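Remarks on the structure that follows.
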Amino acid sequence: MPELPEVHGYKIYLDSTSLHKKITAMECRDKRLLKKPLGDFEKALLGESFTETVRIGKYLFLKTTGSKTLLMHFGMTGRPNYYKDREDRPKFGHIVLTFENAFHLAFENKRKFGWWQLVDDIEDYRKQHNLSKDARELSLDEFKESLSTRKTDIKKVILDQSVTAGVGNWMADEILYQAQVHPKQKVERMTETQMDKVYKAMQHVIETAIDCDAHYDDFPKEFLMHFRKEGATCYHTGGEIEKIKVGGRSTYFSPKWQKL
DNA sequence: CACACTGTTCGCTC
DNA sequence: CGAGCGAACAGTGT
């Protein structure tokens, strides 16, 4: 489930494997993953190279030597896979690019919620699609500014990509656990201190997850990820973890630790 | 076999 | 017009 830290890792992976190599072929097994006709992608990519990647939240942009930028979104189950031999094509590698060195880059997407798009200008795209600045680069003031107009549950708001781009379902639960704030806390009734705590927890969770290469087992022992299941034991209170729905999403929290 | 799970998008209401 | 809400989307795992 790629959220900000995983996509950050994908960026590093692509930077070290897929830049500055001419693209010689493109194959797509399922056109539903393409937001434009295949021909448009071929025209934009074949004969060109990737020059640089830019990540905003869970969106990964690959600039090219041509005029277009390739945008990848991994959905819930995607990842890039750079490999050499044709027979090593991953089972769910639905889109595959081939480079001039004969290596391939597969866009793995088991559940097909991921997609590719072609973009002219990254900043224009960001604004048109109401993406905030990347959560990692958001300032406390910008965060509070976004919260000031909202009236719903804090968990829904930090899942909103126009507020904190990159935060997904597990990160939202982790952030609120670290900040000791109930997921159904109404934003309009939050104190300054609570907002500060959520912001700090968000930065802490992001940096920790990136330091661990998004490998959950390596997270500090007080992280919710280690006991994020119904009836598990809260590290701080010894109480039980509860599962509820917030904004249609499964939400895990510790009632004794995160009080309304 | 039914349903849960993921993030984004769409259509609708207020 | 912006916020909020719920359904829809695909397909594997349980």
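Residues are referred to by chain and number: the chain letter is A, B, ... according to the order shown in the structure tokens, the number counts from 1 in that chain, and ligands are numbered separately from 1 in the order shown.
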With a cut-off of 10 Å, could you pull out the residues of region 62-179 of chain A touching chain C and give me the nearest pair of atoms for each, distance in Å to one decimal, using only C-alpha atoms (C1' of nucleotides), ordered by chain and ascending number, as a tab-separated table?
```
residue	atom	partner	partner_atom	distance
A:Lys110	CA	C:DG11	C1'	7.4
A:Arg111	CA	C:DG11	C1'	5.2
A:Lys112	CA	C:DA10	C1'	5.8
A:Phe113	CA	C:DA10	C1'	6.8
A:Thr149	CA	C:DA3	C1'	8.9
A:Arg150	CA	C:DA3	C1'	7.7
A:Lys151	CA	C:DA3	C1'	8.6
A:Thr152	CA	C:DG4	C1'	8.1
```
Enumerate, in order of chain and increasing residue number, the residues of chain A with an atom no farther than 10 Å from chain B, each with its shortest atom pair and distance in Å to one decimal, counting only C-alpha atoms (C1' of nucleotides), as a tab-separated table.
```
residue	atom	partner	partner_atom	distance
A:Met1	CA	B:DT6	C1'	6.8
A:Pro2	CA	B:DT6	C1'	9.3
A:Glu3	CA	B:DG7	C1'	9.4
A:Lys58	CA	B:DG7	C1'	9.5
A:His73	CA	B:DG7	C1'	9.6
A:Phe74	CA	B:DG7	C1'	9.1
A:Gly75	CA	B:DG7	C1'	5.8
A:Met76	CA	B:DT6	C1'	4.8
A:Thr77	CA	B:DT6	C1'	7.6
A:Arg111	CA	B:DT6	C1'	9.1
A:Phe113	CA	B:DG7	C1'	7.9
A:Gly114	CA	B:DG7	C1'	9.0
A:Leu159	CA	B:DG7	C1'	9.7
A:Gln161	CA	B:DT8	C1'	9.7
A:Gly168	CA	B:DG7	C1'	7.8
A:Asn169	CA	B:DT6	C1'	8.5
A:Arg249	CA	B:DT6	C1'	9.3
A:Ser250	CA	B:DC5	C1'	9.0
```
Q: Mind listing the strand (DSSP E or B) residues of region 4-169 of chain A, per DSSP on the backbone, as a PyMOL selection string?
A: chain A and resi 19+23-28+34+50-56+59-64+69-73+78-83+93-99+104-109+115-119+134+153+165
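Here CA of Cys28 (chain A) is placed at a distance of 21.3 Å from CA of Tyr13 (chain A).
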Q | Ile206 (chain A) environment, 12 Å, only C-alpha atoms (C1' of nucleotides), sequence neighbours closer than 4 positions dropped, as an NGL selection string | A | :A and (3-8 or 57 or 134-138 or 164-168 or 170-172 or 174-175 or 178 or 199-202 or 210-214 or 219)
Q: Grab the CA of Glu27 (chain A) to CA of Arg89 (chain A) distance for me, in Å with one decimal place.
A: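 Computing it gives 11.8 Å between the two atoms.
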Q) With distances taken over only C-alpha atoms (C1' of nucleotides), which of A:Asn101, A:Ser132, A:Ser254, A:Asn109 is nearest to chain C? A)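 Once distances to chain C are computed over only C-alpha atoms (C1' of nucleotides), the minimum belongs to A:Asn109.
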Q: Pick out each residue of region 7-188 of chain A that DSSP on the backbone tags as alpha helix (DSSP H); I need them as an MDAnalysis selection string.
A: chainID A and resid 7:17 38:45 122:128 140:147 154:159 169:179
Q.
Residues within 12 Å of Lys127 (chain A), please, as JSON, numbers by chain. Count only C-alpha atoms (C1' of nucleotides); anything in the same chain fewer than 4 positions from it doesn't count.
A. {"A": [56, 121, 122, 123, 131, 132, 133, 161, 162]}
